[in-house]
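One structure below.
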Amino acid sequence: MATFPGSAPAADARFTEALSSLGFSQYEARCYVGLLGSAPQTGYAVAKTTGVPQPKVYEALRKLVARGAARQLPGEPARFAALDPATLLDGLQAAFDERLDDARRSTPDLTDIPQPSTQEDVAGLAGRDAVLASASAALHAAVRRVYLSASAAEITALANEIAACAARGVDVVVLAFGRITLDAEGVRVFRHASTDGAVFRHHQARHVAMVADSRETVFGLAADGRAWSGVHTANAAIIAAVKGYIRHDIDMQQVFNDFGAQLVTAYGPGLQELESYRAEQPRTADRGAASARRTG
């Protein structure tokens, strides 16, 4: 970083960063500071004192001239001089004030645009990495209770975040689809065993469903095991739906643990007979014919 006479390197660095925050590129800010406090300089000299690459220095100097922050002197080779810093900042202040006044004057034109009473963000998630990143962020932010239902591979991918969450004293309840080893103290794990071979019978589907503190939910699904999509939201209705879905599944696993043999006898392996309501119902005429055959 070049310095100009009477300045300290730290002051130059602060001023360069200040210019960057005002919309100057790093190269423009460094070239401007390099021009200060010296006689007009060629682009080659500016590049040498500032460290800005020579192919970039002329572009940066032209932009400074266009901004009014520097001027190009006539003659060859071209030489450049910086505008006084106080004058430059006064000009930037005046330009900002003018744009701010324009914005204020435009505000009444917006009053006729209907504004929604509430806006809730529902962020779409594309890909497994995005789903896992959102789940990890929710685990990191949780302070009270987390419900997590997920495929074994996704639980394994989140194992460190789950353990860290529990270590902070968060109550973590996990429902695992598939066999997992989760060595995390304080985590309550339930295995979804009652519908083995019935739900996701081809074993390709994978999912992540999470509710953190009843405050946010993440839901992601790959029906074919590869193409993931999902949502991350604080919408209360979606949170309630996902929480109910996870808790109902956990309740069913506890019932199955206690009455599994009777349930299998009643509904078959994998409790597949529970799915009978999904079968297409016969048309009205077909039902009438079937009834006539039964009574004829």
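Residues in the structure tokens are named by chain (A, B, ... in the order shown) and by number from 1 within that chain; ligands are numbered from 1 in the order shown.
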
**Study point:** Per-residue DSSP, region 19-180 of chain A, filtered to helix (DSSP H, G or I), as an NGL selection string
**Key:** :A and (19-21 or 26-35 or 43-50 or 54-67 or 85-110 or 128-141 or 152-157 or 159-167)

Practice item. Enumerate the residues of region 42-285 of chain A with a DSSP assignment of strand (DSSP E), computed from the backbone, and present them as a ChimeraX atom specification. Key: /A:42,70-73,79-82,122-126,145-151,171-177,187-191,206-212,216-222,229-233

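Minimum atom-to-atom distance to Cys31 (chain A), evaluated using only C-alpha atoms, belongs to A:Ala69 out of A:Ala95, A:Leu263, A:Ala11, A:Ala69.
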
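Residue nearest Ala223 (chain A), chosen from A:Leu36, A:Val173, A:Ser151, A:Asp249 and counting only C-alpha atoms: A:Ser151.
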
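Of the listed residues (A:Asp129, A:Asp213, A:Phe177, A:Glu98), A:Asp213 comes nearest to Val143 (chain A); the distances count only C-alpha atoms.
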
**Study point:** For Val146 (chain A): contacts at 6 Å, only C-alpha atoms, fewer than 3 positions along chain excluded, given as a list in words
**Key:** Val172, Val211 and Ala212 of chain A

Using the selection just defined, write its residues with C-alpha atoms as a PDB file, in the first residue's frame.
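What ended up in part33.pdb:
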```
ATOM      1  CA  VAL A 172     -33.188 -33.895  20.421  1.00  0.00           C
ATOM      2  CA  VAL A 211     -38.705 -28.856  13.444  1.00  0.00           C
ATOM      3  CA  ALA A 212     -36.524 -26.714  15.723  1.00  0.00           C
TER       4      ALA A 212
END
```

Revision key, fill the gap. Pairwise distance, CA of His207 (chain A) with CA of Gly225 (chain A), equals 8.6 Å

Exercise for review: Enter the distance from CA of Gly169 (chain A) to CA of Glu185 (chain A), in Å, rounded to one decimal.
Suggested key: 10.1 Å

Would you pick out the contacts of Ala209 (chain A) at 10 Å or less, using only C-alpha atoms, so that residues sharing its chain but fewer than 6 positions from it are not included, and give the list as a PDB file with N, CA and C atoms, in the first residue's frame?
```pdb
ATOM      1  N   VAL A 131     -30.422 -28.916   1.425  1.00  0.00           N
ATOM      2  CA  VAL A 131     -31.292 -29.430   2.486  1.00  0.00           C
ATOM      3  C   VAL A 131     -30.483 -29.671   3.756  1.00  0.00           C
ATOM      4  N   ALA A 135     -30.742 -27.845   7.448  1.00  0.00           N
ATOM      5  CA  ALA A 135     -30.953 -28.647   8.653  1.00  0.00           C
ATOM      6  C   ALA A 135     -29.845 -28.389   9.665  1.00  0.00           C
ATOM      7  N   TYR A 147     -37.142 -31.942  16.694  1.00  0.00           N
ATOM      8  CA  TYR A 147     -37.655 -33.201  16.161  1.00  0.00           C
ATOM      9  C   TYR A 147     -37.013 -33.412  14.796  1.00  0.00           C
ATOM     10  N   LEU A 148     -36.451 -34.595  14.587  1.00  0.00           N
ATOM     11  CA  LEU A 148     -35.807 -34.890  13.311  1.00  0.00           C
ATOM     12  C   LEU A 148     -36.218 -36.270  12.838  1.00  0.00           C
ATOM     13  N   SER A 149     -36.766 -36.327  11.637  1.00  0.00           N
ATOM     14  CA  SER A 149     -37.081 -37.583  10.965  1.00  0.00           C
ATOM     15  C   SER A 149     -36.279 -37.596   9.678  1.00  0.00           C
ATOM     16  N   ALA A 150     -35.509 -38.655   9.449  1.00  0.00           N
ATOM     17  CA  ALA A 150     -34.661 -38.655   8.256  1.00  0.00           C
ATOM     18  C   ALA A 150     -34.196 -40.058   7.918  1.00  0.00           C
ATOM     19  N   SER A 151     -33.746 -40.208   6.689  1.00  0.00           N
ATOM     20  CA  SER A 151     -33.129 -41.446   6.247  1.00  0.00           C
ATOM     21  C   SER A 151     -31.778 -41.606   6.927  1.00  0.00           C
ATOM     22  N   LEU A 175     -36.104 -39.751  14.642  1.00  0.00           N
ATOM     23  CA  LEU A 175     -36.766 -40.917  14.062  1.00  0.00           C
ATOM     24  C   LEU A 175     -35.977 -41.321  12.830  1.00  0.00           C
ATOM     25  N   THR A 217     -38.855 -24.903  10.336  1.00  0.00           N
ATOM     26  CA  THR A 217     -38.887 -26.282   9.875  1.00  0.00           C
ATOM     27  C   THR A 217     -38.131 -26.411   8.559  1.00  0.00           C
ATOM     28  N   VAL A 218     -37.517 -27.565   8.395  1.00  0.00           N
ATOM     29  CA  VAL A 218     -36.841 -27.918   7.150  1.00  0.00           C
ATOM     30  C   VAL A 218     -37.450 -29.235   6.674  1.00  0.00           C
ATOM     31  N   PHE A 219     -37.867 -29.269   5.423  1.00  0.00           N
ATOM     32  CA  PHE A 219     -38.385 -30.511   4.871  1.00  0.00           C
ATOM     33  C   PHE A 219     -37.797 -30.689   3.478  1.00  0.00           C
ATOM     34  N   GLY A 220     -37.114 -31.819   3.286  1.00  0.00           N
ATOM     35  CA  GLY A 220     -36.530 -32.123   1.989  1.00  0.00           C
ATOM     36  C   GLY A 220     -36.813 -33.562   1.618  1.00  0.00           C
ATOM     37  N   LEU A 221     -37.016 -33.813   0.324  1.00  0.00           N
ATOM     38  CA  LEU A 221     -37.378 -35.155  -0.139  1.00  0.00           C
ATOM     39  C   LEU A 221     -36.700 -35.432  -1.467  1.00  0.00           C
ATOM     40  N   GLY A 230     -36.850 -29.136  -1.487  1.00  0.00           N
ATOM     41  CA  GLY A 230     -37.431 -28.942  -0.157  1.00  0.00           C
ATOM     42  C   GLY A 230     -37.698 -27.495   0.147  1.00  0.00           C
ATOM     43  N   VAL A 231     -38.055 -27.241   1.411  1.00  0.00           N
ATOM     44  CA  VAL A 231     -38.335 -25.885   1.873  1.00  0.00           C
ATOM     45  C   VAL A 231     -37.736 -25.695   3.263  1.00  0.00           C
ATOM     46  N   VAL A 242     -45.490 -30.449   9.798  1.00  0.00           N
ATOM     47  CA  VAL A 242     -44.293 -31.297   9.840  1.00  0.00           C
ATOM     48  C   VAL A 242     -44.112 -31.889  11.234  1.00  0.00           C
ATOM     49  N   LYS A 243     -44.348 -31.079  12.265  1.00  0.00           N
ATOM     50  CA  LYS A 243     -44.228 -31.606  13.626  1.00  0.00           C
ATOM     51  C   LYS A 243     -45.235 -32.727  13.864  1.00  0.00           C
ATOM     52  N   TYR A 245     -46.563 -34.690  11.667  1.00  0.00           N
ATOM     53  CA  TYR A 245     -46.129 -35.843  10.867  1.00  0.00           C
ATOM     54  C   TYR A 245     -45.048 -36.640  11.605  1.00  0.00           C
ATOM     55  N   ILE A 246     -44.043 -35.941  12.154  1.00  0.00           N
ATOM     56  CA  ILE A 246     -42.951 -36.635  12.851  1.00  0.00           C
ATOM     57  C   ILE A 246     -43.463 -37.284  14.131  1.00  0.00           C
TER      58      ILE A 246
END
```

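Going from CA of Val187 (chain A) over to CA of Ala166 (chain A), you cover 6.4 Å.
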
Between region 78-153 of chain A and region 46-67 of chain A, at 12 Å or less, what are the per-residue closest atom pairs and their distances in Å? Count only C-alpha atoms, order by chain and rising residue number, and return it as JSON lines.
```
{"residue": "A:Ala78", "atom": "CA", "partner": "A:Tyr58", "partner_atom": "CA", "distance": 9.9}
{"residue": "A:Arg79", "atom": "CA", "partner": "A:Val46", "partner_atom": "CA", "distance": 9.6}
{"residue": "A:Phe80", "atom": "CA", "partner": "A:Leu61", "partner_atom": "CA", "distance": 7.7}
{"residue": "A:Ala81", "atom": "CA", "partner": "A:Val65", "partner_atom": "CA", "distance": 9.3}
{"residue": "A:Ala82", "atom": "CA", "partner": "A:Leu64", "partner_atom": "CA", "distance": 8.6}
{"residue": "A:Leu83", "atom": "CA", "partner": "A:Val65", "partner_atom": "CA", "distance": 9.4}
{"residue": "A:Leu88", "atom": "CA", "partner": "A:Arg67", "partner_atom": "CA", "distance": 9.5}
{"residue": "A:Leu89", "atom": "CA", "partner": "A:Arg67", "partner_atom": "CA", "distance": 11.8}
{"residue": "A:Gly91", "atom": "CA", "partner": "A:Arg67", "partner_atom": "CA", "distance": 10.0}
{"residue": "A:Leu92", "atom": "CA", "partner": "A:Arg67", "partner_atom": "CA", "distance": 9.6}
{"residue": "A:Ala95", "atom": "CA", "partner": "A:Arg67", "partner_atom": "CA", "distance": 11.2}
```
